[in-house]
Amino acid sequence: MNRYEQAKARFAAYGVDTDAALKKLGEIPVSVHCWQGDDVIGFDGANSLEGGIQTTGNYPGRARTPEELMADLKFAFSKMTGKKRLNLHASYAFLGADKGKVDRDAYRPEHFAPWVKFAKEIGLDGIDFNPTFFSHPKMKNGLTLSSPDEETRRFWVRHGQACLKISEYLAEQFGKPCLMNIWIPDGFKDVPADRLTPRLRLKQSLDEILSVPYDKTKVIAAVESKVFGIGLESYTVGSNEFYQNYAATRGICCLLDNGHYHPLEYVSDKIPSLLAFYDRVALHVTRGVRWDSDHVVLLEDELKEICKEIVRGGAEKVMIGLDYFDASINRISAWVVGERNLQKALLFALLQPSETLKTMQDEGNFTEQMVLQEEMKTLPYGDVWEEYLVKTGAAGSDWFEDVRAYEQNVLQKRK
Ligand code: RNT
Ligand code: ZN
């Protein structure tokens with residue numbers, strides 16, 4: 001018996017089918033964010049990140065052009081595993097001759113055609129999309145969709161509307177729905193004089209965006225709440241309560257970013273709470289260290305709990321996306337480590353004897369439930385993971401050697 005066969009027998013003793021788990025793992029799509037490669041700068045004119053978020057670090061090799069970002073992404077994807085999608089921001093438009101002439105409120109599907117070509121060439125499952133409501137001169141006093149300045153507010157509404165059309169195009173190109181996630185930075189550094197009116201304006205703006213006809217089977221619109229941003233510590237217009245009620249009353253989706261809550265609130269607990277009311281829920285998987293710092297996703301307990309809830313709730317109901325940006329280490333490695341950790345955590349979740357554990361819970365058999373949960377923690381997951389890499393032809397655990405070579409041959413030459 002080889003190591004996988006031995007592991008398979010160990011899991012089988014608990015009623016867990018490792019072959020079935022590996023098959024399922026290969027079917028769960030993960031949307032990989034394009035913005036880890038260039039520190040969230042984009043191609044449409046920004047040279048710094050604005051809107052309460054920040055990348056820290058100065059590691060050499062940031063992608064500075066669309067060509068560099070695509071090359072890096074292609075290389076990073078070759079070291080990842082499983083079914084993957086690309087998560088794009090509007091600021092990554094290919095404007096070509098429209099550069100300097102067409103602003104974000106008039107971006108069109110054709111500005112994203114090179115991304116479609118790229119994603120198809122490297123065999124991705126589809127593209128998800130995000131309007132970019134930050135790092136742009138049309139933000140006024142830090143506000144976009146909630147701005148009291150009508151011209152500013154209307155500009156950003158038109159941006160959202162343009163993005164709905166682009167999302168619809170992306171869905172059509174792959175024959176799969178496109179998640180369009182709305183996150184805005186709007187908020188205040190200090191004690192607000194009015195907490196309600198900005199929210200009423202945001203509500204109106206979102207209604208205006210969603211009033212353009214779009215095919216709801218193609219575009220899944222989502223809203224991402226947040227508790228605070230850097231320099232916007234006292235108030236966030238798009239709070240959790242605001243967006244959950246908005247999504248519920250408008251029939252759209254909530255996106256949960258696990259860096260966007262107080263440290264003792266857990267997204268693993270929010271997923272099933274929302275699934276009690278919504279058909280689906282979207283995620284931004286990240287790792288906040290003391291704040292929404294967007295560190296690389298590591299294989300930690302909360303990630304495992306999140307993945308257990310994804311698997312238990314029905315993986316097709318949870319749209320998984322990654323959202324982190326570390327500029328202090330090799331950016332390709334950051335991409336790959338985070339994506340592989342998510343896959344490992346999904347595998348861990350798929351290898352739990354979930355039905356047995358549920359029955360124990362229902363029967364009030366909490367002693368045995370604890371014993372089994374703890375016993376499961378030391379089973380040979382690594383051997384099942386290695387089998388997955390072999391079966392899917394994914395890069396082995398020595399993938400970093402190639403990243404080191406890429407750093408020397410490509411990244412270090414970017415000066
Ligand atoms: C910011 C949000 C948002 C962004 C990306 C770039 O706090 O998490 O999702 O990180 O859209
Ligand atoms: Zn996010």
# chains A, B, ... in the order shown; residues from 1 in each chain; ligands from 1

call {"tool": "select_by_dssp", "arguments": {"residues": "segment 97-278 of chain A", "states": "strand (DSSP E or B)", "output": "list of chain:residue names"}}
result
A:Ile127, A:Asp128, A:Phe129, A:Asn130, A:Lys140, A:Leu143, A:Cys178, A:Leu179, A:Met180, A:Asn181, A:Ile182, A:Gly187, A:Phe188, A:Val219, A:Ile220, A:Ala221, A:Ala222, A:Val223, A:Glu224, A:Gly229, A:Leu232, A:Tyr235, A:Thr236, A:Cys253, A:Cys254, A:Leu255, A:Leu256, A:Asp257

call {"tool": "write_last_selection", "arguments": {"atoms": "N, CA and C atoms", "output": "PDB file, in the first residue's frame"}}
result
ATOM      1  N   ILE A 127     -14.676  34.875 -15.355  1.00  0.00           N
ATOM      2  CA  ILE A 127     -14.133  36.098 -14.747  1.00  0.00           C
ATOM      3  C   ILE A 127     -15.207  36.725 -13.863  1.00  0.00           C
ATOM      4  N   ASP A 128     -14.828  37.165 -12.680  1.00  0.00           N
ATOM      5  CA  ASP A 128     -15.719  37.957 -11.831  1.00  0.00           C
ATOM      6  C   ASP A 128     -15.264  39.405 -11.881  1.00  0.00           C
ATOM      7  N   PHE A 129     -16.164  40.312 -11.507  1.00  0.00           N
ATOM      8  CA  PHE A 129     -15.876  41.717 -11.767  1.00  0.00           C
ATOM      9  C   PHE A 129     -16.213  42.614 -10.578  1.00  0.00           C
ATOM     10  N   ASN A 130     -15.452  43.705 -10.476  1.00  0.00           N
ATOM     11  CA  ASN A 130     -15.651  44.690  -9.398  1.00  0.00           C
ATOM     12  C   ASN A 130     -15.560  46.097  -9.962  1.00  0.00           C
ATOM     13  N   LYS A 140     -14.919  62.511  -3.937  1.00  0.00           N
ATOM     14  CA  LYS A 140     -14.922  63.865  -3.371  1.00  0.00           C
ATOM     15  C   LYS A 140     -15.064  63.789  -1.859  1.00  0.00           C
ATOM     16  N   LEU A 143     -15.792  60.437  -0.645  1.00  0.00           N
ATOM     17  CA  LEU A 143     -17.096  59.814  -0.902  1.00  0.00           C
ATOM     18  C   LEU A 143     -17.320  59.557  -2.392  1.00  0.00           C
ATOM     19  N   CYS A 178     -21.385  35.803 -13.712  1.00  0.00           N
ATOM     20  CA  CYS A 178     -20.280  36.643 -13.255  1.00  0.00           C
ATOM     21  C   CYS A 178     -20.735  37.324 -11.963  1.00  0.00           C
ATOM     22  N   LEU A 179     -19.927  37.249 -10.941  1.00  0.00           N
ATOM     23  CA  LEU A 179     -20.236  37.957  -9.698  1.00  0.00           C
ATOM     24  C   LEU A 179     -19.760  39.396  -9.848  1.00  0.00           C
ATOM     25  N   MET A 180     -20.670  40.357  -9.665  1.00  0.00           N
ATOM     26  CA  MET A 180     -20.240  41.762  -9.672  1.00  0.00           C
ATOM     27  C   MET A 180     -20.361  42.297  -8.251  1.00  0.00           C
ATOM     28  N   ASN A 181     -19.225  42.541  -7.655  1.00  0.00           N
ATOM     29  CA  ASN A 181     -19.199  42.933  -6.243  1.00  0.00           C
ATOM     30  C   ASN A 181     -18.965  44.431  -6.078  1.00  0.00           C
ATOM     31  N   ILE A 182     -19.848  45.049  -5.305  1.00  0.00           N
ATOM     32  CA  ILE A 182     -19.721  46.485  -5.049  1.00  0.00           C
ATOM     33  C   ILE A 182     -19.134  46.726  -3.666  1.00  0.00           C
ATOM     34  N   GLY A 187     -16.673  56.906   3.882  1.00  0.00           N
ATOM     35  CA  GLY A 187     -16.737  56.948   5.335  1.00  0.00           C
ATOM     36  C   GLY A 187     -16.083  58.210   5.860  1.00  0.00           C
ATOM     37  N   PHE A 188     -16.023  58.338   7.193  1.00  0.00           N
ATOM     38  CA  PHE A 188     -15.443  59.525   7.816  1.00  0.00           C
ATOM     39  C   PHE A 188     -14.402  59.158   8.864  1.00  0.00           C
ATOM     40  N   VAL A 219     -25.599  37.933 -14.268  1.00  0.00           N
ATOM     41  CA  VAL A 219     -24.832  38.758 -13.329  1.00  0.00           C
ATOM     42  C   VAL A 219     -25.396  38.601 -11.920  1.00  0.00           C
ATOM     43  N   ILE A 220     -24.537  38.213 -11.002  1.00  0.00           N
ATOM     44  CA  ILE A 220     -24.932  38.137  -9.603  1.00  0.00           C
ATOM     45  C   ILE A 220     -24.347  39.364  -8.920  1.00  0.00           C
ATOM     46  N   ALA A 221     -25.225  40.303  -8.570  1.00  0.00           N
ATOM     47  CA  ALA A 221     -24.745  41.535  -7.942  1.00  0.00           C
ATOM     48  C   ALA A 221     -24.608  41.300  -6.444  1.00  0.00           C
ATOM     49  N   ALA A 222     -23.515  41.811  -5.888  1.00  0.00           N
ATOM     50  CA  ALA A 222     -23.271  41.647  -4.455  1.00  0.00           C
ATOM     51  C   ALA A 222     -22.797  42.959  -3.849  1.00  0.00           C
ATOM     52  N   VAL A 223     -23.001  43.091  -2.540  1.00  0.00           N
ATOM     53  CA  VAL A 223     -22.525  44.272  -1.817  1.00  0.00           C
ATOM     54  C   VAL A 223     -21.649  43.827  -0.648  1.00  0.00           C
ATOM     55  N   GLU A 224     -20.523  44.518  -0.486  1.00  0.00           N
ATOM     56  CA  GLU A 224     -19.520  44.129   0.519  1.00  0.00           C
ATOM     57  C   GLU A 224     -19.436  45.184   1.619  1.00  0.00           C
ATOM     58  N   GLY A 229     -12.109  51.876   7.649  1.00  0.00           N
ATOM     59  CA  GLY A 229     -10.925  51.916   6.797  1.00  0.00           C
ATOM     60  C   GLY A 229      -9.869  52.818   7.415  1.00  0.00           C
ATOM     61  N   LEU A 232     -10.488  56.439   7.942  1.00  0.00           N
ATOM     62  CA  LEU A 232     -11.961  56.500   7.934  1.00  0.00           C
ATOM     63  C   LEU A 232     -12.453  55.665   9.116  1.00  0.00           C
ATOM     64  N   TYR A 235     -16.615  56.012  10.858  1.00  0.00           N
ATOM     65  CA  TYR A 235     -17.921  55.762  10.231  1.00  0.00           C
ATOM     66  C   TYR A 235     -17.736  55.181   8.831  1.00  0.00           C
ATOM     67  N   THR A 236     -18.462  54.113   8.536  1.00  0.00           N
ATOM     68  CA  THR A 236     -18.483  53.542   7.186  1.00  0.00           C
ATOM     69  C   THR A 236     -19.922  53.568   6.700  1.00  0.00           C
ATOM     70  N   CYS A 253     -27.075  39.843  -3.474  1.00  0.00           N
ATOM     71  CA  CYS A 253     -26.260  38.949  -2.656  1.00  0.00           C
ATOM     72  C   CYS A 253     -25.382  39.751  -1.683  1.00  0.00           C
ATOM     73  N   CYS A 254     -25.057  39.162  -0.540  1.00  0.00           N
ATOM     74  CA  CYS A 254     -24.079  39.781   0.367  1.00  0.00           C
ATOM     75  C   CYS A 254     -22.713  39.160   0.120  1.00  0.00           C
ATOM     76  N   LEU A 255     -21.693  39.993   0.168  1.00  0.00           N
ATOM     77  CA  LEU A 255     -20.335  39.465   0.122  1.00  0.00           C
ATOM     78  C   LEU A 255     -19.688  39.695   1.487  1.00  0.00           C
ATOM     79  N   LEU A 256     -19.181  38.626   2.062  1.00  0.00           N
ATOM     80  CA  LEU A 256     -18.534  38.706   3.378  1.00  0.00           C
ATOM     81  C   LEU A 256     -17.023  38.649   3.201  1.00  0.00           C
ATOM     82  N   ASP A 257     -16.349  39.703   3.636  1.00  0.00           N
ATOM     83  CA  ASP A 257     -14.884  39.710   3.632  1.00  0.00           C
ATOM     84  C   ASP A 257     -14.481  39.479   5.081  1.00  0.00           C
TER      85      ASP A 257
END

call {"tool": "residues_near_ligand", "arguments": {"ligand": "ligand 2", "cutoff": "9 Å", "atoms": "only C-alpha atoms and all ligand atoms", "output": "PyMOL selection string"}}
result
chain A and resi 183+224-226+255-260+283-286+294+321-324

call {"tool": "write_last_selection", "arguments": {"atoms": "N, CA, C and O atoms", "output": "short mmCIF file (atom, residue, chain, number, x, y, z; two decimals), in the first residue's frame"}}
result
data_model
loop_
_atom_site.label_atom_id
_atom_site.label_comp_id
_atom_site.auth_asym_id
_atom_site.auth_seq_id
_atom_site.Cartn_x
_atom_site.Cartn_y
_atom_site.Cartn_z
N TRP A 183 -17.97 47.32 -3.65
CA TRP A 183 -17.41 47.81 -2.39
C TRP A 183 -17.03 49.27 -2.60
O TRP A 183 -16.43 49.63 -3.61
N GLU A 224 -20.52 44.52 -0.49
CA GLU A 224 -19.52 44.13 0.52
C GLU A 224 -19.44 45.18 1.62
O GLU A 224 -19.02 46.31 1.37
N SER A 225 -19.80 44.82 2.80
CA SER A 225 -19.78 45.77 3.92
C SER A 225 -18.39 45.80 4.57
O SER A 225 -17.53 44.97 4.27
N LYS A 226 -18.24 46.74 5.47
CA LYS A 226 -16.95 46.89 6.13
C LYS A 226 -17.15 47.67 7.41
O LYS A 226 -18.07 48.47 7.52
N LEU A 255 -21.69 39.99 0.17
CA LEU A 255 -20.33 39.47 0.12
C LEU A 255 -19.69 39.70 1.49
O LEU A 255 -19.68 40.82 2.00
N LEU A 256 -19.18 38.63 2.06
CA LEU A 256 -18.53 38.71 3.38
C LEU A 256 -17.02 38.65 3.20
O LEU A 256 -16.50 37.68 2.65
N ASP A 257 -16.35 39.70 3.64
CA ASP A 257 -14.88 39.71 3.63
C ASP A 257 -14.48 39.48 5.08
O ASP A 257 -14.88 40.25 5.97
N ASN A 258 -13.71 38.44 5.34
CA ASN A 258 -13.44 38.11 6.75
C ASN A 258 -12.46 39.06 7.44
O ASN A 258 -12.16 38.88 8.61
N GLY A 259 -12.01 40.11 6.71
CA GLY A 259 -11.24 41.15 7.37
C GLY A 259 -12.12 42.32 7.79
O GLY A 259 -11.64 43.30 8.36
N HIS A 260 -13.42 42.24 7.51
CA HIS A 260 -14.29 43.40 7.65
C HIS A 260 -15.20 43.39 8.87
O HIS A 260 -16.24 44.04 8.89
N LEU A 283 -17.85 35.39 -0.88
CA LEU A 283 -16.79 35.61 0.12
C LEU A 283 -15.57 36.31 -0.48
O LEU A 283 -15.23 36.08 -1.64
N HIS A 284 -14.93 37.12 0.35
CA HIS A 284 -13.57 37.56 0.10
C HIS A 284 -12.75 36.93 1.22
O HIS A 284 -12.88 37.32 2.38
N VAL A 285 -11.94 35.97 0.86
CA VAL A 285 -11.14 35.32 1.89
C VAL A 285 -9.80 36.04 2.00
O VAL A 285 -9.10 36.26 1.01
N THR A 286 -9.51 36.47 3.22
CA THR A 286 -8.32 37.25 3.48
C THR A 286 -7.81 36.87 4.87
O THR A 286 -8.34 35.96 5.50
N ASP A 294 -5.21 42.54 5.24
CA ASP A 294 -5.10 41.80 3.99
C ASP A 294 -3.78 41.05 3.85
O ASP A 294 -3.14 41.08 2.80
N GLY A 321 -13.96 33.93 -3.29
CA GLY A 321 -12.97 34.78 -3.92
C GLY A 321 -11.86 35.08 -2.92
O GLY A 321 -12.08 35.02 -1.71
N LEU A 322 -10.68 35.36 -3.43
CA LEU A 322 -9.57 35.74 -2.56
C LEU A 322 -9.40 37.25 -2.60
O LEU A 322 -9.69 37.89 -3.62
N ASP A 323 -8.98 37.83 -1.48
CA ASP A 323 -8.75 39.28 -1.44
C ASP A 323 -7.67 39.61 -0.42
O ASP A 323 -7.96 39.74 0.77
N TYR A 324 -6.44 39.65 -0.89
CA TYR A 324 -5.35 40.09 -0.01
C TYR A 324 -4.27 40.70 -0.88
O TYR A 324 -4.24 40.49 -2.09
#

call {"tool": "residues_around", "arguments": {"residues": "Thr132 of chain A", "least_positions_apart": "2", "cutoff": "7 Å", "atoms": "only C-alpha atoms", "output": "number ranges by chain"}}
result
A: 89-91, 130, 134

call {"tool": "select_by_dssp", "arguments": {"residues": "segment 38-114 of chain A", "states": "alpha helix (DSSP H)", "output": "PDB file with all heavy atoms, in the first residue's frame"}}
result
ATOM      1  N   PRO A  66       0.053  45.988 -18.048  1.00  0.00           N
ATOM      2  CA  PRO A  66      -0.849  44.856 -18.271  1.00  0.00           C
ATOM      3  C   PRO A  66      -0.078  43.598 -18.679  1.00  0.00           C
ATOM      4  O   PRO A  66      -0.396  42.505 -18.217  1.00  0.00           O
ATOM      5  CB  PRO A  66      -1.737  45.320 -19.426  1.00  0.00           C
ATOM      6  CG  PRO A  66      -1.681  46.806 -19.381  1.00  0.00           C
ATOM      7  CD  PRO A  66      -0.352  47.178 -18.806  1.00  0.00           C
ATOM      8  N   GLU A  67       0.934  43.779 -19.501  1.00  0.00           N
ATOM      9  CA  GLU A  67       1.706  42.621 -19.983  1.00  0.00           C
ATOM     10  C   GLU A  67       2.396  41.921 -18.803  1.00  0.00           C
ATOM     11  O   GLU A  67       2.391  40.697 -18.712  1.00  0.00           O
ATOM     12  CB  GLU A  67       2.761  43.051 -21.011  1.00  0.00           C
ATOM     13  CG  GLU A  67       2.187  43.563 -22.336  1.00  0.00           C
ATOM     14  CD  GLU A  67       1.490  44.929 -22.231  1.00  0.00           C
ATOM     15  OE1 GLU A  67       1.893  45.750 -21.372  1.00  0.00           O
ATOM     16  OE2 GLU A  67       0.532  45.165 -22.996  1.00  0.00           O
ATOM     17  N   GLU A  68       2.984  42.737 -17.930  1.00  0.00           N
ATOM     18  CA  GLU A  68       3.671  42.136 -16.781  1.00  0.00           C
ATOM     19  C   GLU A  68       2.681  41.443 -15.851  1.00  0.00           C
ATOM     20  O   GLU A  68       2.939  40.344 -15.350  1.00  0.00           O
ATOM     21  CB  GLU A  68       4.451  43.217 -16.003  1.00  0.00           C
ATOM     22  CG  GLU A  68       5.681  43.708 -16.761  1.00  0.00           C
ATOM     23  CD  GLU A  68       6.461  44.793 -16.022  1.00  0.00           C
ATOM     24  OE1 GLU A  68       6.020  45.269 -14.943  1.00  0.00           O
ATOM     25  OE2 GLU A  68       7.537  45.184 -16.543  1.00  0.00           O
ATOM     26  N   LEU A  69       1.536  42.081 -15.633  1.00  0.00           N
ATOM     27  CA  LEU A  69       0.559  41.475 -14.724  1.00  0.00           C
ATOM     28  C   LEU A  69       0.051  40.148 -15.295  1.00  0.00           C
ATOM     29  O   LEU A  69      -0.098  39.160 -14.575  1.00  0.00           O
ATOM     30  CB  LEU A  69      -0.609  42.437 -14.463  1.00  0.00           C
ATOM     31  CG  LEU A  69      -1.598  41.932 -13.403  1.00  0.00           C
ATOM     32  CD1 LEU A  69      -0.936  41.789 -12.025  1.00  0.00           C
ATOM     33  CD2 LEU A  69      -2.807  42.843 -13.285  1.00  0.00           C
ATOM     34  N   MET A  70      -0.216  40.142 -16.578  1.00  0.00           N
ATOM     35  CA  MET A  70      -0.694  38.897 -17.202  1.00  0.00           C
ATOM     36  C   MET A  70       0.365  37.799 -17.132  1.00  0.00           C
ATOM     37  O   MET A  70       0.051  36.644 -16.854  1.00  0.00           O
ATOM     38  CB  MET A  70      -1.083  39.147 -18.648  1.00  0.00           C
ATOM     39  CG  MET A  70      -2.471  39.724 -18.780  1.00  0.00           C
ATOM     40  SD  MET A  70      -2.853  39.952 -20.510  1.00  0.00           S
ATOM     41  CE  MET A  70      -4.570  40.399 -20.408  1.00  0.00           C
ATOM     42  N   ALA A  71       1.610  38.168 -17.390  1.00  0.00           N
ATOM     43  CA  ALA A  71       2.683  37.164 -17.332  1.00  0.00           C
ATOM     44  C   ALA A  71       2.788  36.593 -15.918  1.00  0.00           C
ATOM     45  O   ALA A  71       2.895  35.380 -15.722  1.00  0.00           O
ATOM     46  CB  ALA A  71       4.004  37.792 -17.762  1.00  0.00           C
ATOM     47  N   ASP A  72       2.708  37.486 -14.929  1.00  0.00           N
ATOM     48  CA  ASP A  72       2.817  37.029 -13.537  1.00  0.00           C
ATOM     49  C   ASP A  72       1.633  36.148 -13.148  1.00  0.00           C
ATOM     50  O   ASP A  72       1.784  35.134 -12.463  1.00  0.00           O
ATOM     51  CB  ASP A  72       2.897  38.231 -12.584  1.00  0.00           C
ATOM     52  CG  ASP A  72       4.204  38.995 -12.747  1.00  0.00           C
ATOM     53  OD1 ASP A  72       5.057  38.577 -13.565  1.00  0.00           O
ATOM     54  OD2 ASP A  72       4.371  40.018 -12.049  1.00  0.00           O
ATOM     55  N   LEU A  73       0.449  36.586 -13.582  1.00  0.00           N
ATOM     56  CA  LEU A  73      -0.752  35.808 -13.269  1.00  0.00           C
ATOM     57  C   LEU A  73      -0.675  34.424 -13.896  1.00  0.00           C
ATOM     58  O   LEU A  73      -0.992  33.423 -13.261  1.00  0.00           O
ATOM     59  CB  LEU A  73      -1.987  36.520 -13.821  1.00  0.00           C
ATOM     60  CG  LEU A  73      -2.720  37.460 -12.873  1.00  0.00           C
ATOM     61  CD1 LEU A  73      -3.724  38.286 -13.645  1.00  0.00           C
ATOM     62  CD2 LEU A  73      -3.424  36.694 -11.751  1.00  0.00           C
ATOM     63  N   LYS A  74      -0.238  34.399 -15.142  1.00  0.00           N
ATOM     64  CA  LYS A  74      -0.160  33.123 -15.851  1.00  0.00           C
ATOM     65  C   LYS A  74       0.797  32.185 -15.113  1.00  0.00           C
ATOM     66  O   LYS A  74       0.500  31.013 -14.901  1.00  0.00           O
ATOM     67  CB  LYS A  74       0.329  33.374 -17.279  1.00  0.00           C
ATOM     68  CG  LYS A  74       0.322  32.146 -18.136  1.00  0.00           C
ATOM     69  CD  LYS A  74       0.691  32.473 -19.567  1.00  0.00           C
ATOM     70  CE  LYS A  74       0.802  31.173 -20.345  1.00  0.00           C
ATOM     71  NZ  LYS A  74       1.239  31.396 -21.709  1.00  0.00           N
ATOM     72  N   PHE A  75       1.918  32.742 -14.694  1.00  0.00           N
ATOM     73  CA  PHE A  75       2.890  31.929 -13.966  1.00  0.00           C
ATOM     74  C   PHE A  75       2.307  31.478 -12.620  1.00  0.00           C
ATOM     75  O   PHE A  75       2.400  30.302 -12.243  1.00  0.00           O
ATOM     76  CB  PHE A  75       4.191  32.721 -13.775  1.00  0.00           C
ATOM     77  CG  PHE A  75       5.232  31.935 -13.063  1.00  0.00           C
ATOM     78  CD1 PHE A  75       5.884  30.888 -13.695  1.00  0.00           C
ATOM     79  CD2 PHE A  75       5.539  32.215 -11.745  1.00  0.00           C
ATOM     80  CE1 PHE A  75       6.828  30.127 -13.019  1.00  0.00           C
ATOM     81  CE2 PHE A  75       6.486  31.455 -11.067  1.00  0.00           C
ATOM     82  CZ  PHE A  75       7.130  30.415 -11.702  1.00  0.00           C
ATOM     83  N   ALA A  76       1.691  32.412 -11.915  1.00  0.00           N
ATOM     84  CA  ALA A  76       1.109  32.069 -10.602  1.00  0.00           C
ATOM     85  C   ALA A  76       0.035  30.987 -10.756  1.00  0.00           C
ATOM     86  O   ALA A  76       0.000  30.015 -10.008  1.00  0.00           O
ATOM     87  CB  ALA A  76       0.532  33.317  -9.939  1.00  0.00           C
ATOM     88  N   PHE A  77      -0.845  31.158 -11.739  1.00  0.00           N
ATOM     89  CA  PHE A  77      -1.908  30.163 -11.955  1.00  0.00           C
ATOM     90  C   PHE A  77      -1.314  28.787 -12.216  1.00  0.00           C
ATOM     91  O   PHE A  77      -1.883  27.769 -11.824  1.00  0.00           O
ATOM     92  CB  PHE A  77      -2.814  30.566 -13.127  1.00  0.00           C
ATOM     93  CG  PHE A  77      -3.953  31.472 -12.726  1.00  0.00           C
ATOM     94  CD1 PHE A  77      -4.093  32.739 -13.289  1.00  0.00           C
ATOM     95  CD2 PHE A  77      -4.903  31.055 -11.808  1.00  0.00           C
ATOM     96  CE1 PHE A  77      -5.147  33.577 -12.929  1.00  0.00           C
ATOM     97  CE2 PHE A  77      -5.967  31.880 -11.442  1.00  0.00           C
ATOM     98  CZ  PHE A  77      -6.080  33.141 -11.998  1.00  0.00           C
ATOM     99  N   SER A  78      -0.154  28.739 -12.879  1.00  0.00           N
ATOM    100  CA  SER A  78       0.441  27.425 -13.190  1.00  0.00           C
ATOM    101  C   SER A  78       0.908  26.709 -11.927  1.00  0.00           C
ATOM    102  O   SER A  78       1.175  25.514 -11.962  1.00  0.00           O
ATOM    103  CB  SER A  78       1.595  27.588 -14.188  1.00  0.00           C
ATOM    104  OG  SER A  78       2.752  28.068 -13.517  1.00  0.00           O
ATOM    105  N   ALA A 113     -11.825  42.890 -23.236  1.00  0.00           N
ATOM    106  CA  ALA A 113     -11.675  41.743 -24.150  1.00  0.00           C
ATOM    107  C   ALA A 113     -10.314  41.052 -24.008  1.00  0.00           C
ATOM    108  O   ALA A 113     -10.253  39.822 -24.042  1.00  0.00           O
ATOM    109  CB  ALA A 113     -11.922  42.191 -25.592  1.00  0.00           C
ATOM    110  N   PRO A 114      -9.214  41.795 -23.819  1.00  0.00           N
ATOM    111  CA  PRO A 114      -7.927  41.088 -23.648  1.00  0.00           C
ATOM    112  C   PRO A 114      -7.910  40.170 -22.423  1.00  0.00           C
ATOM    113  O   PRO A 114      -7.246  39.137 -22.427  1.00  0.00           O
ATOM    114  CB  PRO A 114      -6.909  42.230 -23.488  1.00  0.00           C
ATOM    115  CG  PRO A 114      -7.554  43.410 -24.134  1.00  0.00           C
ATOM    116  CD  PRO A 114      -9.024  43.259 -23.873  1.00  0.00           C
TER     117      PRO A 114
END

call {"tool": "atom_distance", "arguments": {"atom1": "atom 4 (C, counted along the ligand's line) of ligand 1", "atom2": "atom CA of Val40 of chain A"}}
result
8.4 Å

call {"tool": "closest_residue", "arguments": {"among": "A:Leu124, A:Leu379, A:Leu357, A:Leu264", "to": "Val30 of chain A", "atoms": "only C-alpha atoms"}}
result
A:Leu124

call {"tool": "closest_residue", "arguments": {"among": "A:Leu145, A:Val227, A:Ala13, A:Val390", "to": "ligand 1", "atoms": "only C-alpha atoms and all ligand atoms"}}
result
A:Val227

call {"tool": "closest_atom_pairs", "arguments": {"of": "segment 207-316 of chain A", "to": "segment 146-157 of chain A", "cutoff": "9 Å", "atoms": "only C-alpha atoms", "output": "JSON lines"}}
result
{"residue": "A:Glu208", "atom": "CA", "partner": "A:Val157", "partner_atom": "CA", "distance": 6.8}
{"residue": "A:Ile209", "atom": "CA", "partner": "A:Val157", "partner_atom": "CA", "distance": 5.6}
{"residue": "A:Val237", "atom": "CA", "partner": "A:Ser146", "partner_atom": "CA", "distance": 7.5}

call {"tool": "closest_residue", "arguments": {"among": "A:Arg340, A:Lys79, A:Arg195, A:Arg85", "to": "Trp115 of chain A", "atoms": "only C-alpha atoms"}}
result
A:Arg85

call {"tool": "closest_residue", "arguments": {"among": "A:Tyr214, A:Phe228, A:Phe118, A:Phe174", "to": "ligand 1", "atoms": "only C-alpha atoms and all ligand atoms"}}
result
A:Phe228

call {"tool": "atom_distance", "arguments": {"atom1": "atom CA of Phe11 of chain A", "atom2": "atom CA of Leu351 of chain A"}}
result
7.6 Å

call {"tool": "closest_residue", "arguments": {"among": "A:Asp194, A:Glu401, A:Asp326, A:Asp105", "to": "ligand 1", "atoms": "only C-alpha atoms and all ligand atoms"}}
result
A:Asp326

call {"tool": "atom_distance", "arguments": {"atom1": "atom CA of Lys99 of chain A", "atom2": "atom CA of Ile41 of chain A"}}
result
15.9 Å

call {"tool": "closest_residue", "arguments": {"among": "A:Thr56, A:Val102, A:Ile184, A:Lys84", "to": "ligand 1", "atoms": "only C-alpha atoms and all ligand atoms"}}
result
A:Ile184
